[in-house]
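Trainee: Data: final_20.csv, CSV, C-alpha atoms and all ligand atoms.
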chain,number,residue,atom,x,y,z
A,1,MET,CA,141.6,47.0,70.1
A,2,GLU,CA,140.9,47.5,73.8
A,3,SER,CA,138.3,45.3,75.4
A,4,LYS,CA,134.6,46.3,74.9
A,5,ILE,CA,132.9,48.5,77.5
A,6,TRP,CA,129.3,47.5,77.5
A,7,LEU,CA,126.3,49.7,78.2
A,8,SER,CA,125.1,47.4,81.0
A,9,SER,CA,126.4,43.9,81.4
A,10,PRO,CA,125.6,41.1,83.9
A,11,HIS,CA,127.3,41.5,87.3
A,12,MET,CA,127.3,38.4,89.4
A,13,GLY,CA,127.4,38.7,93.2
A,14,GLY,CA,129.1,35.4,94.0
A,15,GLY,CA,126.2,33.6,95.7
A,16,GLU,CA,124.5,32.5,92.5
A,17,MET,CA,126.3,29.2,91.9
A,18,LYS,CA,125.5,27.9,95.4
A,19,TYR,CA,121.7,28.1,94.7
A,20,ILE,CA,122.1,26.6,91.3
A,21,GLN,CA,124.1,23.7,92.8
A,22,GLU,CA,121.4,23.2,95.4
A,23,ALA,CA,118.8,22.9,92.7
A,24,PHE,CA,120.9,20.2,91.0
A,25,GLU,CA,121.5,18.3,94.2
A,26,HIS,CA,117.7,18.1,94.9
A,27,ASN,CA,116.9,17.6,91.2
A,28,TRP,CA,114.6,20.6,91.1
A,29,VAL,CA,115.6,21.4,87.5
A,30,ALA,CA,112.2,22.6,86.7
A,31,PRO,CA,110.1,25.8,86.6
A,32,LEU,CA,109.3,25.4,90.3
A,33,GLY,CA,111.2,24.7,93.5
A,34,LYS,CA,112.8,26.4,96.5
A,35,ASN,CA,114.7,29.0,94.5
A,36,VAL,CA,111.6,30.2,92.9
A,37,ASP,CA,109.8,30.5,96.2
A,38,GLU,CA,112.8,32.2,98.0
A,39,PHE,CA,113.4,34.5,95.1
A,40,GLU,CA,109.8,35.8,95.3
A,41,ILE,CA,110.1,36.3,99.1
A,42,ALA,CA,113.4,38.2,98.7
A,43,ILE,CA,111.7,40.6,96.2
A,44,GLU,CA,108.6,41.0,98.4
A,45,ASN,CA,110.9,41.9,101.3
A,46,PHE,CA,112.9,44.3,99.2
A,47,ILE,CA,110.1,46.3,97.7
A,48,GLY,CA,107.9,46.3,100.8
A,49,GLY,CA,104.4,47.7,100.6
A,50,ASP,CA,102.7,44.4,101.4
A,51,LYS,CA,103.0,43.2,97.8
A,52,TYR,CA,102.8,39.7,96.4
A,53,VAL,CA,105.4,38.7,93.7
A,54,GLY,CA,105.1,35.9,91.1
A,55,ALA,CA,108.3,35.0,89.3
A,56,LEU,CA,107.9,34.6,85.6
A,57,SER,CA,110.0,34.0,82.5
A,58,SER,CA,110.2,37.6,81.4
A,59,GLY,CA,109.0,41.1,82.2
A,60,THR,CA,107.0,41.0,78.9
A,61,ALA,CA,105.2,37.9,80.1
A,62,ALA,CA,104.4,39.6,83.4
A,63,LEU,CA,102.9,42.6,81.6
A,64,HIS,CA,100.8,40.2,79.4
A,65,LEU,CA,99.4,38.4,82.6
A,66,ALA,CA,98.7,41.8,84.2
A,67,LEU,CA,96.6,42.8,81.3
A,68,VAL,CA,94.9,39.4,81.1
A,69,GLN,CA,93.9,39.8,84.8
A,70,LEU,CA,92.6,43.4,84.2
A,71,GLY,CA,90.2,41.9,81.6
A,72,VAL,CA,91.8,43.5,78.6
A,73,GLY,CA,90.4,42.0,75.4
A,74,ILE,CA,89.8,42.4,71.7
A,75,ASP,CA,89.3,46.0,70.6
A,76,ASP,CA,89.9,47.4,74.1
A,77,GLU,CA,92.2,50.4,74.5
A,78,VAL,CA,95.1,50.6,76.9
A,79,ILE,CA,97.0,53.9,77.5
A,80,CYS,CA,100.8,53.5,77.4
A,81,GLN,CA,103.7,55.8,77.8
A,82,SER,CA,105.1,56.5,74.3
A,83,PHE,CA,108.7,57.0,75.5
A,84,THR,CA,109.7,53.4,76.3
A,85,PHE,CA,110.9,50.0,75.0
A,86,SER,CA,108.5,48.2,72.8
A,87,ALA,CA,107.9,45.5,75.4
A,88,SER,CA,105.7,48.0,77.3
A,89,ALA,CA,103.3,48.0,74.5
A,90,ASN,CA,103.5,44.7,72.7
A,91,PRO,CA,101.4,42.7,75.2
A,92,ILE,CA,98.5,45.1,74.5
A,93,LYS,CA,98.5,43.7,71.0
A,94,TYR,CA,98.9,40.1,72.1
A,95,LEU,CA,95.3,40.5,73.5
A,96,GLY,CA,93.9,42.1,70.4
A,97,ALA,CA,93.6,45.4,72.1
A,98,ASN,CA,95.0,48.8,70.9
A,99,PRO,CA,97.6,51.0,72.5
A,100,VAL,CA,96.9,54.8,72.9
A,101,PHE,CA,100.3,56.5,73.3
A,102,VAL,CA,100.9,59.4,75.7
A,103,ASP,CA,103.9,61.8,75.5
A,104,SER,CA,106.4,62.6,78.3
A,105,ASP,CA,106.9,65.3,80.8
A,106,GLU,CA,109.8,67.4,79.7
A,107,THR,CA,111.9,67.3,82.9
A,108,ASN,CA,110.8,63.9,84.3
A,109,TRP,CA,110.9,62.1,80.9
A,110,ASN,CA,108.0,59.7,81.9
A,111,MET,CA,104.3,60.0,81.2
A,112,SER,CA,103.0,63.6,81.3
A,113,PRO,CA,100.0,63.8,83.7
A,114,ILE,CA,98.6,66.6,81.4
A,115,PHE,CA,98.6,64.6,78.2
A,116,LEU,CA,97.4,61.5,80.2
A,117,GLU,CA,94.3,63.4,81.2
A,118,GLN,CA,93.8,64.8,77.7
A,119,ALA,CA,94.0,61.3,76.3
A,120,ILE,CA,91.5,59.8,78.9
A,121,GLN,CA,89.0,62.6,78.3
A,122,ASP,CA,89.2,62.3,74.5
A,123,ARG,CA,89.0,58.5,74.5
A,124,ILE,CA,85.9,58.6,76.8
A,125,LYS,CA,84.4,61.2,74.5
A,126,LYS,CA,84.9,58.8,71.6
A,127,GLY,CA,83.1,56.1,73.5
A,128,LYS,CA,86.3,54.2,74.4
A,129,ARG,CA,87.0,54.1,78.1
A,130,PRO,CA,90.6,53.0,78.5
A,131,LYS,CA,90.9,49.6,80.3
A,132,ALA,CA,94.3,50.4,81.9
A,133,VAL,CA,97.2,52.8,82.0
A,134,ILE,CA,100.8,51.6,81.7
A,135,VAL,CA,103.3,54.0,83.2
A,136,VAL,CA,107.1,53.4,82.9
A,137,HIS,CA,109.9,54.5,85.2
A,138,LEU,CA,112.4,55.0,82.4
A,139,TYR,CA,116.1,54.5,83.1
A,140,GLY,CA,115.2,54.1,86.7
A,141,MET,CA,113.6,57.6,87.1
A,142,PRO,CA,110.3,57.4,89.0
A,143,ALA,CA,107.4,58.8,87.1
A,144,LEU,CA,105.2,61.6,88.6
A,145,MET,CA,103.2,59.2,90.7
A,146,ASP,CA,101.1,61.5,92.8
A,147,ASP,CA,99.6,63.2,89.7
A,148,ILE,CA,99.3,60.0,87.7
A,149,MET,CA,97.7,58.0,90.6
A,150,GLU,CA,95.2,60.9,91.2
A,151,ILE,CA,94.1,60.9,87.6
A,152,CYS,CA,93.8,57.1,87.4
A,153,ASN,CA,91.8,57.1,90.6
A,154,ARG,CA,89.5,59.9,89.5
A,155,TYR,CA,88.7,58.1,86.3
A,156,GLU,CA,88.7,54.7,87.9
A,157,ILE,CA,91.2,53.2,85.5
A,158,PRO,CA,93.6,50.6,86.8
A,159,LEU,CA,97.3,51.5,86.8
A,160,VAL,CA,100.1,49.1,85.7
A,161,GLU,CA,103.7,50.2,86.5
A,162,ASP,CA,106.4,49.0,84.1
A,163,SER,CA,109.2,48.9,86.6
A,164,ALA,CA,111.5,46.8,84.4
A,165,GLU,CA,114.2,49.5,84.7
A,166,SER,CA,113.5,50.8,88.2
A,167,LEU,CA,114.0,48.1,90.8
A,168,GLY,CA,115.5,50.0,93.8
A,169,SER,CA,114.1,53.4,92.7
A,170,SER,CA,111.6,55.2,94.9
A,171,TYR,CA,109.1,58.0,94.9
A,172,LYS,CA,108.6,59.9,98.1
A,173,GLY,CA,110.3,57.0,99.9
A,174,LYS,CA,108.0,54.4,98.4
A,175,MET,CA,109.5,51.8,96.1
A,176,CYS,CA,108.7,51.9,92.4
A,177,GLY,CA,106.6,48.8,91.6
A,178,THR,CA,104.4,49.2,94.6
A,179,PHE,CA,102.0,51.9,93.3
A,180,GLY,CA,100.0,50.3,90.6
A,181,GLU,CA,97.3,47.6,90.8
A,182,PHE,CA,100.0,45.5,89.1
A,183,ALA,CA,103.7,46.2,88.4
A,184,ILE,CA,106.2,44.3,86.4
A,185,LEU,CA,109.9,43.7,86.9
A,186,SER,CA,112.5,42.4,84.5
A,187,PHE,CA,115.7,40.4,85.1
A,188,ASN,CA,117.0,40.3,81.6
A,189,GLY,CA,120.7,40.3,81.1
A,190,ASN,CA,121.1,44.1,80.9
A,191,LYS,CA,118.9,45.1,83.9
A,192,ILE,CA,120.1,46.2,87.3
A,193,ILE,CA,120.1,42.5,88.4
A,194,THR,CA,119.6,39.5,86.1
A,195,THR,CA,118.5,35.9,86.1
A,196,SER,CA,119.9,35.6,82.6
A,197,GLY,CA,116.3,36.1,81.5
A,198,GLY,CA,113.3,36.5,83.7
A,199,GLY,CA,110.7,38.8,85.2
A,200,ALA,CA,108.1,39.1,87.9
A,201,LEU,CA,104.6,40.4,88.4
A,202,VAL,CA,104.0,42.4,91.5
A,203,ALA,CA,100.4,42.1,92.7
A,204,GLY,CA,98.4,43.8,95.4
A,205,THR,CA,96.7,40.6,96.8
A,206,LYS,CA,97.5,37.0,97.5
A,207,GLU,CA,94.6,36.0,95.1
A,208,GLN,CA,96.2,38.0,92.3
A,209,LYS,CA,99.5,36.2,92.9
A,210,ASN,CA,97.8,32.8,92.9
A,211,LYS,CA,96.0,33.7,89.7
A,212,THR,CA,99.3,34.8,88.2
A,213,ILE,CA,100.9,31.4,89.0
A,214,PHE,CA,97.8,29.6,87.8
A,215,LEU,CA,97.8,31.4,84.4
A,216,SER,CA,101.6,31.0,84.0
A,217,THR,CA,101.5,27.2,84.5
A,218,GLN,CA,98.9,26.4,81.8
A,219,ALA,CA,95.8,27.3,83.9
A,220,ARG,CA,95.2,23.7,85.2
A,221,ASP,CA,92.0,23.2,87.1
A,222,ASN,CA,92.1,21.5,90.5
A,223,ALA,CA,91.4,18.0,89.2
A,224,PRO,CA,93.3,14.7,89.1
A,225,HIS,CA,93.3,14.7,85.3
A,226,TYR,CA,94.3,17.6,83.1
A,227,GLN,CA,91.3,19.9,82.9
A,228,HIS,CA,91.3,23.5,81.7
A,229,SER,CA,88.5,26.1,82.0
A,230,GLU,CA,90.7,29.0,80.9
A,231,ILE,CA,93.5,29.6,78.4
A,232,GLY,CA,96.8,29.2,80.1
A,233,TYR,CA,100.4,30.3,79.4
A,234,ASN,CA,103.8,28.7,80.0
A,235,TYR,CA,105.4,31.7,81.7
A,236,ARG,CA,106.8,30.4,85.1
A,237,LEU,CA,110.5,31.1,85.9
A,238,SER,CA,112.9,28.2,85.9
A,239,ASN,CA,114.3,27.2,89.3
A,240,ILE,CA,117.8,27.4,87.9
A,241,SER,CA,117.2,31.0,86.8
A,242,ALA,CA,115.6,31.8,90.2
A,243,GLY,CA,118.9,30.5,91.8
A,244,ILE,CA,120.8,33.2,90.0
A,245,GLY,CA,118.1,35.6,91.1
A,246,ARG,CA,118.5,34.7,94.8
A,247,GLY,CA,122.2,35.4,94.5
A,248,GLN,CA,121.5,38.7,92.8
A,249,MET,CA,119.0,39.8,95.4
A,250,GLU,CA,121.9,39.6,98.0
A,251,VAL,CA,123.8,42.3,96.2
A,252,LEU,CA,120.9,44.5,94.8
A,253,SER,CA,121.5,47.3,97.3
A,254,ASP,CA,125.1,47.4,96.3
A,255,ARG,CA,124.1,47.5,92.6
A,256,VAL,CA,121.9,50.5,93.2
A,257,THR,CA,124.8,52.3,95.0
A,258,GLN,CA,127.2,51.4,92.2
A,259,ARG,CA,124.9,52.7,89.5
A,260,ARG,CA,124.2,55.9,91.4
A,261,ALA,CA,128.0,56.3,91.7
A,262,ASN,CA,128.3,56.1,87.9
A,263,HIS,CA,125.7,58.9,87.7
A,264,GLU,CA,127.8,61.0,90.0
A,265,PHE,CA,130.9,60.2,87.9
A,266,TYR,CA,129.1,61.5,84.8
A,267,LYS,CA,127.7,64.6,86.5
A,268,GLU,CA,131.3,65.5,87.5
A,269,LEU,CA,132.6,64.6,84.0
A,270,PHE,CA,130.1,66.9,82.3
A,271,SER,CA,130.1,69.7,84.9
A,272,GLY,CA,132.1,72.0,82.8
A,273,ILE,CA,130.4,71.2,79.5
A,274,ASP,CA,127.4,73.4,79.0
A,275,ALA,CA,126.3,71.6,75.8
A,276,VAL,CA,125.5,68.5,77.8
A,277,THR,CA,122.8,67.9,80.4
A,278,VAL,CA,123.0,64.8,82.6
A,279,PHE,CA,119.5,63.4,83.2
A,280,SER,CA,119.0,63.7,87.0
A,281,GLU,CA,116.3,63.8,89.7
A,282,ALA,CA,114.5,67.1,89.6
A,283,ASN,CA,113.9,67.1,93.3
A,284,SER,CA,114.2,65.0,96.4
A,285,ASP,CA,110.8,63.3,95.9
A,286,LEU,CA,112.6,61.2,93.3
A,287,TYR,CA,115.2,58.6,93.9
A,288,SER,CA,116.5,56.8,90.8
A,289,ASN,CA,118.5,53.6,90.7
A,290,HIS,CA,120.2,55.3,87.6
A,291,TRP,CA,120.0,52.0,85.7
A,292,LEU,CA,121.3,53.9,82.7
A,293,THR,CA,122.8,57.4,83.0
A,294,SER,CA,121.6,59.4,80.0
A,295,ILE,CA,122.5,62.7,78.6
A,296,THR,CA,121.0,65.2,76.2
A,297,LEU,CA,122.8,67.6,73.9
A,298,ASN,CA,121.7,71.3,74.0
A,299,LYS,CA,121.3,72.1,70.3
A,300,ASN,CA,121.8,75.9,71.0
A,301,LEU,CA,125.3,75.2,72.3
A,302,THR,CA,126.7,72.5,70.0
A,303,THR,CA,126.3,71.5,66.3
A,304,LYS,CA,127.4,67.9,67.2
A,305,THR,CA,124.7,65.3,67.4
A,306,ASN,CA,124.1,62.3,69.7
A,307,HIS,CA,125.3,60.1,66.8
A,308,ASP,CA,128.6,62.0,66.5
A,309,LEU,CA,129.2,61.3,70.2
A,310,MET,CA,128.0,57.7,69.8
A,311,ASN,CA,130.6,57.2,66.9
A,312,ALA,CA,133.4,58.7,69.0
A,313,PHE,CA,132.7,56.2,71.7
A,314,ALA,CA,132.3,53.3,69.2
A,315,GLU,CA,135.8,54.1,67.8
A,316,LYS,CA,137.2,53.3,71.3
A,317,ASN,CA,135.1,50.1,71.5
A,318,ILE,CA,132.7,51.7,74.0
A,319,GLU,CA,129.0,50.9,73.7
A,320,THR,CA,126.4,53.7,74.0
A,321,ARG,CA,122.8,53.8,72.8
A,322,PRO,CA,120.3,56.4,71.6
A,323,LEU,CA,117.3,56.9,73.9
A,324,TRP,CA,114.3,54.8,73.3
A,325,LYS,CA,112.5,55.7,70.0
A,326,PRO,CA,109.0,56.7,71.0
A,327,MET,CA,106.4,54.1,70.3
A,328,HIS,CA,104.1,56.4,68.3
A,329,LEU,CA,107.0,56.7,65.8
A,330,GLN,CA,107.5,53.0,65.4
A,331,PRO,CA,106.3,51.6,62.0
A,332,VAL,CA,104.4,48.8,63.8
A,333,PHE,CA,102.4,51.3,65.9
A,334,LYS,CA,102.0,54.1,63.3
A,335,ASP,CA,98.2,53.9,63.2
A,336,CYS,CA,97.8,54.2,67.0
A,337,PRO,CA,96.4,57.4,68.6
A,338,TYR,CA,98.9,59.7,70.2
A,339,TYR,CA,98.5,62.6,72.7
A,340,GLY,CA,101.4,65.0,73.2
A,341,GLU,CA,103.6,67.7,71.8
A,342,LYS,CA,106.7,65.8,70.5
A,343,ILE,CA,108.6,66.0,73.8
A,344,ALA,CA,109.8,62.4,73.7
A,345,GLU,CA,110.7,62.9,70.0
A,346,ASP,CA,112.9,65.8,70.9
A,347,LEU,CA,114.6,63.8,73.7
A,348,PHE,CA,115.1,60.9,71.3
A,349,ASP,CA,116.8,63.3,68.8
A,350,ARG,CA,119.2,64.7,71.4
A,351,GLY,CA,119.8,62.0,73.8
A,352,LEU,CA,122.3,59.2,74.5
A,353,CYS,CA,122.6,56.4,77.1
A,354,LEU,CA,126.1,56.0,78.5
A,355,PRO,CA,127.9,52.9,79.9
A,356,SER,CA,126.3,52.3,83.3
A,357,GLY,CA,127.1,48.8,84.4
A,358,SER,CA,127.7,48.3,88.1
A,359,ASN,CA,130.9,46.5,87.1
A,360,LEU,CA,132.5,49.5,85.3
A,361,THR,CA,136.2,49.7,86.4
A,362,ILE,CA,138.3,52.7,87.2
A,363,ASP,CA,140.1,52.0,83.9
A,364,ASP,CA,136.8,51.9,82.0
A,365,LYS,CA,135.9,55.2,83.5
A,366,LYS,CA,139.3,56.6,82.4
A,367,ARG,CA,138.7,55.5,78.8
A,368,ILE,CA,135.2,57.1,78.9
A,369,LYS,CA,136.7,60.3,80.3
A,370,ASP,CA,139.3,60.4,77.5
A,371,VAL,CA,136.6,60.2,74.8
A,372,ILE,CA,134.8,63.1,76.4
A,373,ASN,CA,137.9,65.2,76.9
A,374,ASN,CA,138.9,64.7,73.3
A,375,PHE,CA,135.5,65.4,71.8
A,376,GLN,CA,134.9,68.9,70.4
A,377,PHE,CA,131.4,69.8,71.5
B,1,LIG,C1,113.4,45.3,79.6
B,1,LIG,C2,112.1,46.0,79.6
B,1,LIG,C3,110.9,45.3,79.5
B,1,LIG,C4,110.9,43.8,79.1
B,1,LIG,O1,111.4,42.9,80.0
B,1,LIG,P1,111.9,41.5,79.5
B,1,LIG,O2,112.2,40.8,80.8
B,1,LIG,O3,113.1,41.7,78.6
B,1,LIG,O4,110.7,40.9,78.8
B,1,LIG,C5,109.8,46.0,79.5
B,1,LIG,N1,109.8,47.3,79.7
B,1,LIG,C6,110.9,48.0,79.8
B,1,LIG,C7,110.8,49.5,79.9
B,1,LIG,C8,112.1,47.4,79.7
B,1,LIG,O5,113.2,48.1,79.8
Go through the file and emit its structure as structure tokens.
Ligand SMILES: *Cc1c(COP(=O)(O)O)cnc(C)c1O
Mentor:
Amino acid sequence: MESKIWLSSPHMGGGEMKYIQEAFEHNWVAPLGKNVDEFEIAIENFIGGDKYVGALSSGTAALHLALVQLGVGIDDEVICQSFTFSASANPIKYLGANPVFVDSDETNWNMSPIFLEQAIQDRIKKGKRPKAVIVVHLYGMPALMDDIMEICNRYEIPLVEDSAESLGSSYKGKMCGTFGEFAILSFNGNKIITTSGGGALVAGTKEQKNKTIFLSTQARDNAPHYQHSEIGYNYRLSNISAGIGRGQMEVLSDRVTQRRANHEFYKELFSGIDAVTVFSEANSDLYSNHWLTSITLNKNLTTKTNHDLMNAFAEKNIETRPLWKPMHLQPVFKDCPYYGEKIAEDLFDRGLCLPSGSNLTIDDKKRIKDVINNFQF
């Protein structure tokens, strides 16, 4: 069997070990230290927009602390894009609040502004003003931010961006992760850059960043003894992991270029195959990092399913993955309200994520090409 081609695997830049070594030399083997500080600064510089970044143990933890700071509590409602990974919605439940799921726009794949407004109006009518909106930039594709921001501003509901998949993407030239009151980033092993595991909360003010660090380090009051006036969390990023992050930030721009080149490879590969549409930017307002290149099958032009194609790849030891199963279809969220017209469901039925690592080799691409060329669509 040939070696496995992964969907998206870690890709080190070369500088990581130097920073880890430094942490060992100074004995900062702890969830604080120079690597953590420098990693935060590197992210702040990269995304711009005068944002403040707190490095945390995961993207999920970051979302949890965003919702804590927005005052989300028991029996509150939070609107969340249905078409996403479960980590976008789970922190709502951590706080005893309830998600309200909103369907996607057909071409953009992210939250539909139309269904968002329907949801807000209906929840307000039912006496439940949503406490926050969580929008996701799925697979790196920026959401329809002008419309979504306008709606959130008009109803005065704070916006949280789940930018776990979209570091390096931008909307009208402004980086994803700089639009919301808060945004989250993830550095899990399969993301565009990784710290092995880690995340960050992007905040609009220095106070919010300080509060994030305070909450993530057990909410210790300013006193010589251990005193606590609030419930704290143990969510700070390790200085070792942050060393990996510093090395990865040095190559982030290259990683965006490489992932976008994968997308071009797939566009070319499928250019003569009408049964397949490669998910792409609809216009020049959108700039995706193309974290994962995804396709949909056109059911009018082929009887083959996404699972048939997935199996054909699996036979050659190539990993692919169905699109995210919408949250309103998940057993754990089956009782949550949903606003939409099954657009995400339809994408889930027809879609597939293709190998998209920035470390794909020419030989890997040849193997992928062979599978497609031998597949009877
Ligand atoms: C990866 C991911 C997360 C969670 O990030 P972790 O760092 O793994 O906790 C949240 N939302 C989306 C859309 C993701 O892809």
Trainee: Taking only C-alpha atoms and all ligand atoms and a cut-off of 8 Å, can you tell me which residues surround ligand LIG 1 (chain B), written as a PDB file with C-alpha atoms, in the frame of the given file?
Mentor:
ATOM      1  CA  SER A  57     110.000  34.000  82.500  1.00  0.00           C
ATOM      2  CA  SER A  58     110.200  37.600  81.400  1.00  0.00           C
ATOM      3  CA  GLY A  59     109.000  41.100  82.200  1.00  0.00           C
ATOM      4  CA  THR A  60     107.000  41.000  78.900  1.00  0.00           C
ATOM      5  CA  ALA A  61     105.200  37.900  80.100  1.00  0.00           C
ATOM      6  CA  ALA A  62     104.400  39.600  83.400  1.00  0.00           C
ATOM      7  CA  LEU A  63     102.900  42.600  81.600  1.00  0.00           C
ATOM      8  CA  THR A  84     109.700  53.400  76.300  1.00  0.00           C
ATOM      9  CA  PHE A  85     110.900  50.000  75.000  1.00  0.00           C
ATOM     10  CA  SER A  86     108.500  48.200  72.800  1.00  0.00           C
ATOM     11  CA  ALA A  87     107.900  45.500  75.400  1.00  0.00           C
ATOM     12  CA  SER A  88     105.700  48.000  77.300  1.00  0.00           C
ATOM     13  CA  VAL A 136     107.100  53.400  82.900  1.00  0.00           C
ATOM     14  CA  HIS A 137     109.900  54.500  85.200  1.00  0.00           C
ATOM     15  CA  LEU A 138     112.400  55.000  82.400  1.00  0.00           C
ATOM     16  CA  TYR A 139     116.100  54.500  83.100  1.00  0.00           C
ATOM     17  CA  ASP A 162     106.400  49.000  84.100  1.00  0.00           C
ATOM     18  CA  SER A 163     109.200  48.900  86.600  1.00  0.00           C
ATOM     19  CA  ALA A 164     111.500  46.800  84.400  1.00  0.00           C
ATOM     20  CA  GLU A 165     114.200  49.500  84.700  1.00  0.00           C
ATOM     21  CA  ILE A 184     106.200  44.300  86.400  1.00  0.00           C
ATOM     22  CA  LEU A 185     109.900  43.700  86.900  1.00  0.00           C
ATOM     23  CA  SER A 186     112.500  42.400  84.500  1.00  0.00           C
ATOM     24  CA  PHE A 187     115.700  40.400  85.100  1.00  0.00           C
ATOM     25  CA  ASN A 188     117.000  40.300  81.600  1.00  0.00           C
ATOM     26  CA  ASN A 190     121.100  44.100  80.900  1.00  0.00           C
ATOM     27  CA  LYS A 191     118.900  45.100  83.900  1.00  0.00           C
ATOM     28  CA  GLY A 197     116.300  36.100  81.500  1.00  0.00           C
ATOM     29  CA  GLY A 198     113.300  36.500  83.700  1.00  0.00           C
ATOM     30  CA  GLY A 199     110.700  38.800  85.200  1.00  0.00           C
TER      31      GLY A 199
END
Trainee: List the spatial neighbours of Asp122 (chain A) as a PyMOL selection string - criterion: any atom at most 12 Å away, all atoms listed in the file, same-chain residues fewer than 5 positions off excluded.
Mentor: chain A and resi 79+100+115-117+127-130+337-339
Trainee: Kindly assemble as JSON lines a list of the region 179-257 of chain A residues that lie within 8 Å of region 18-21 of chain A, each paired with its nearest atom pair and their distance in Å to one decimal, using all atoms listed in the file, sorted first by chain and then by ascending residue number.
Mentor:
{"residue": "A:Ile240", "atom": "CA", "partner": "A:Ile20", "partner_atom": "CA", "distance": 5.5}
{"residue": "A:Ser241", "atom": "CA", "partner": "A:Ile20", "partner_atom": "CA", "distance": 8.0}
{"residue": "A:Gly243", "atom": "CA", "partner": "A:Tyr19", "partner_atom": "CA", "distance": 4.7}
{"residue": "A:Ile244", "atom": "CA", "partner": "A:Ile20", "partner_atom": "CA", "distance": 6.9}
{"residue": "A:Arg246", "atom": "CA", "partner": "A:Tyr19", "partner_atom": "CA", "distance": 7.3}
{"residue": "A:Gly247", "atom": "CA", "partner": "A:Tyr19", "partner_atom": "CA", "distance": 7.3}
Trainee: Would you mind listing what lies within 12 Å of Phe265 (chain A) as JSON, numbers by chain, with all atoms listed in the file counted and same-chain residues fewer than 2 positions away left out?
Mentor: {"A": [258, 259, 260, 261, 262, 263, 267, 268, 269, 270, 271, 278, 290, 293, 354, 355, 356, 360, 361, 362, 364, 365, 366, 368, 369]}
Trainee: Quick check, in Å to one decimal: how far apart do CA of Thr302 (chain A) and CA of Asp370 (chain A) lie?
Mentor: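 Result for CA of Thr302 (chain A) versus CA of Asp370 (chain A): 19.0 Å, one decimal.
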Trainee: Please determine, counting all atoms listed in the file, which residue among A:Ala312, A:Leu301, A:Val135, A:Val53 has the shortest atom-to-atom distance to Gly204 (chain A).
Mentor: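 Among A:Ala312, A:Leu301, A:Val135, A:Val53, it is A:Val53 that comes nearest to Gly204 (chain A).
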Trainee: Which neighbours of region 54-56 of chain A fall inside 12 Å, counting all atoms listed in the file, when residues of the same chain fewer than 6 positions from it are skipped, and could you give them as an MDAnalysis selection string?
Mentor: chainID A and resid 31:33 35:44 62:66 182:188 195 197:217 233:239 241:243 245:246
Trainee: Any idea what the distance is between CA of Pro322 (chain A) and CA of Ser294 (chain A)?
Mentor: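 So the two atoms, CA of Pro322 (chain A) and CA of Ser294 (chain A), lie 9.0 Å apart.
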Trainee: Identify which of the residues A:Tyr266, A:Tyr155, A:Tyr52, A:Phe83 lies closest to Val102 (chain A), counting all atoms listed in the file when measuring atom-to-atom distances.
Mentor: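 Once distances to Val102 (chain A) are computed over all atoms listed in the file, the minimum belongs to A:Phe83.
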Trainee: Grab the CA of Phe377 (chain A) to CA of Arg321 (chain A) distance for me, in Å with one decimal place.
Mentor: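 Computing it gives 18.2 Å between the two atoms.
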Trainee: May I ask which of the residues A:Arg367, A:Lys4, A:Lys334, A:His225 is the closest one to Asn98 (chain A), counting all atoms listed in the file?
Mentor: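 That would be A:Lys334, the residue with the smallest distance to Asn98 (chain A).
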Trainee: Compare A:Ser82, A:Ser9, A:Thr194, A:Gln376 by their minimum atom-to-atom distance to Val133 (chain A), counting all atoms listed in the file, and give me the closest one.
Mentor: A:Ser82
Trainee: Using the atoms already present, construct N, CA and C atoms for region 279-287 of chain A and hand them back as a PDB file, keeping the file's coordinate frame.
Mentor:
ATOM      1  N   PHE A 279     120.823  63.639  82.701  1.00  0.00           N
ATOM      2  CA  PHE A 279     119.500  63.400  83.200  1.00  0.00           C
ATOM      3  C   PHE A 279     119.510  63.029  84.677  1.00  0.00           C
ATOM      4  N   SER A 280     118.854  63.846  85.527  1.00  0.00           N
ATOM      5  CA  SER A 280     119.000  63.700  87.000  1.00  0.00           C
ATOM      6  C   SER A 280     117.607  63.900  87.647  1.00  0.00           C
ATOM      7  N   GLU A 281     117.510  63.536  88.901  1.00  0.00           N
ATOM      8  CA  GLU A 281     116.300  63.800  89.700  1.00  0.00           C
ATOM      9  C   GLU A 281     116.047  65.272  89.789  1.00  0.00           C
ATOM     10  N   ALA A 282     114.789  65.687  89.515  1.00  0.00           N
ATOM     11  CA  ALA A 282     114.500  67.100  89.600  1.00  0.00           C
ATOM     12  C   ALA A 282     114.326  67.618  90.994  1.00  0.00           C
ATOM     13  N   ASN A 283     113.986  66.724  91.916  1.00  0.00           N
ATOM     14  CA  ASN A 283     113.900  67.100  93.300  1.00  0.00           C
ATOM     15  C   ASN A 283     113.965  65.882  94.209  1.00  0.00           C
ATOM     16  N   SER A 284     113.918  66.109  95.516  1.00  0.00           N
ATOM     17  CA  SER A 284     114.200  65.000  96.400  1.00  0.00           C
ATOM     18  C   SER A 284     113.042  64.031  96.619  1.00  0.00           C
ATOM     19  N   ASP A 285     111.897  64.273  95.953  1.00  0.00           N
ATOM     20  CA  ASP A 285     110.800  63.300  95.900  1.00  0.00           C
ATOM     21  C   ASP A 285     111.277  62.031  95.134  1.00  0.00           C
ATOM     22  N   LEU A 286     112.207  62.267  94.214  1.00  0.00           N
ATOM     23  CA  LEU A 286     112.600  61.200  93.300  1.00  0.00           C
ATOM     24  C   LEU A 286     113.930  60.627  93.649  1.00  0.00           C
ATOM     25  N   TYR A 287     113.987  59.300  93.646  1.00  0.00           N
ATOM     26  CA  TYR A 287     115.200  58.600  93.900  1.00  0.00           C
ATOM     27  C   TYR A 287     115.383  57.519  92.859  1.00  0.00           C
TER      28      TYR A 287
END
